[in-house]
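One structure is given below, encoded as structure tokens.
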Amino acid sequence: PTAIAVKASNVVIGLLDGSMASKSRGKNEVEKFRMGHDGPVTAISWHPQPEIVGMEGMFLSSSMDWTIKLMDQTCRGALWTIDTVKHFIYDVKWSPVHPAVFASVDALGDFNVWNFAQHQSNACGKLHVSGVPLNRFQWSADG
């Protein structure tokens with residue numbers, strides 16, 4: 001696996017070939033997703049507020065194919081694809097406090113903030129942090 005995300009009863013893994021699969025506690029089968037990425041999966045992030053109606057099976061995935069996907073574990077497919085980033089995306093994480101906000105970092109050294117409530121295809125904020133790739137970041141607890 002190139003990426004893994006665990007929540008109480010589920011695990012999702014991303015693979016080198018861009019595919020993704022999930023395994024639920026109590027089930028013997030591994031379920032493959034219909035639509036993965038076209039390059040290695042670099043990060044997976046479960047939605048931090050599953051109590052919001054409709055968000056219980058949602059997660060984000062990023063890839064070296066220059067895309068971020070909003071995935072739904074229930075239908076095992078992509079609901080939305082963001083393809084406006086100009087290089088490898090190494091990490092993506094939901095905001096711990098805002099249900100529509102997430103961020104990503106990429107190989108150009110950019111930190112991008114996205115807000116699905118404002119715009120689904122373009123970042124609402126961008127900070128060029130470094131001239132070298134950024135491979136991971138962490139939100140503070142208060143976002």
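Starting from 1 in every chain, residues are counted up; chains themselves are A, B, ... following the order of the structure tokens, and ligands are numbered from 1 as listed.
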### Message
Just want the 12 Å neighbourhood of Val113 of chain A, counted on only C-alpha atoms, with same-chain residues fewer than 5 positions away dropped. Output as a PyMOL selection string.
### Response
chain A and resi 85+91-95+98+100-106+118-128+137+139+143
#### Entry: Residue among A:Trp80, A:Ala8, A:Gly14, A:Ala141 lying closest to Gly26 of chain A, counting only C-alpha atoms
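Looking at the shortest contact to Gly26 of chain A, the residue is A:Ala8.
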### Message
Quick check, in Å to one decimal: how far apart do atom CA of Lys32 of chain A and atom CA of Gln49 of chain A lie?
### Response
23.9 Å
### Query
Separation of atom CA of Ser22 of chain A and atom CA of Arg76 of chain A, in Å?
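Going from atom CA of Ser22 of chain A over to atom CA of Arg76 of chain A covers 8.7 Å.
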### Query
Counting only C-alpha atoms, what is within 9 Å of Cys75 of chain A, bar same-chain residues fewer than 4 positions away, as a list of chain:residue names?
A:Phe33, A:Arg34, A:Met71
### Query
Between atom CA of Pro99 of chain A and atom CA of Pro48 of chain A, what is the spacing in Å?
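Calculated distance between atom CA of Pro48 of chain A and atom CA of Pro99 of chain A is 7.8 Å.
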### Query
So which residues touch Asp17 of chain A within 12 Å, counting only C-alpha atoms, skipping near sequence neighbours fewer than 5 positions away, as a list in words?
Pro1, Thr2, Ala3, Met35, Gly36, His37, Asp38, Gly39, Pro40, Val41, Thr42, Ser63, Met64 and Asp65 of chain A
#### Entry: Spatial neighbours of Leu134 of chain A, 9 Å, only C-alpha atoms, chain gap at least 6 places, as a list in words
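My list of contacting residues is Ile89, Tyr90, Asp91, Val105, Asp106, Ala107, Leu108, Gly109, Asp110 and Phe111 of chain A.
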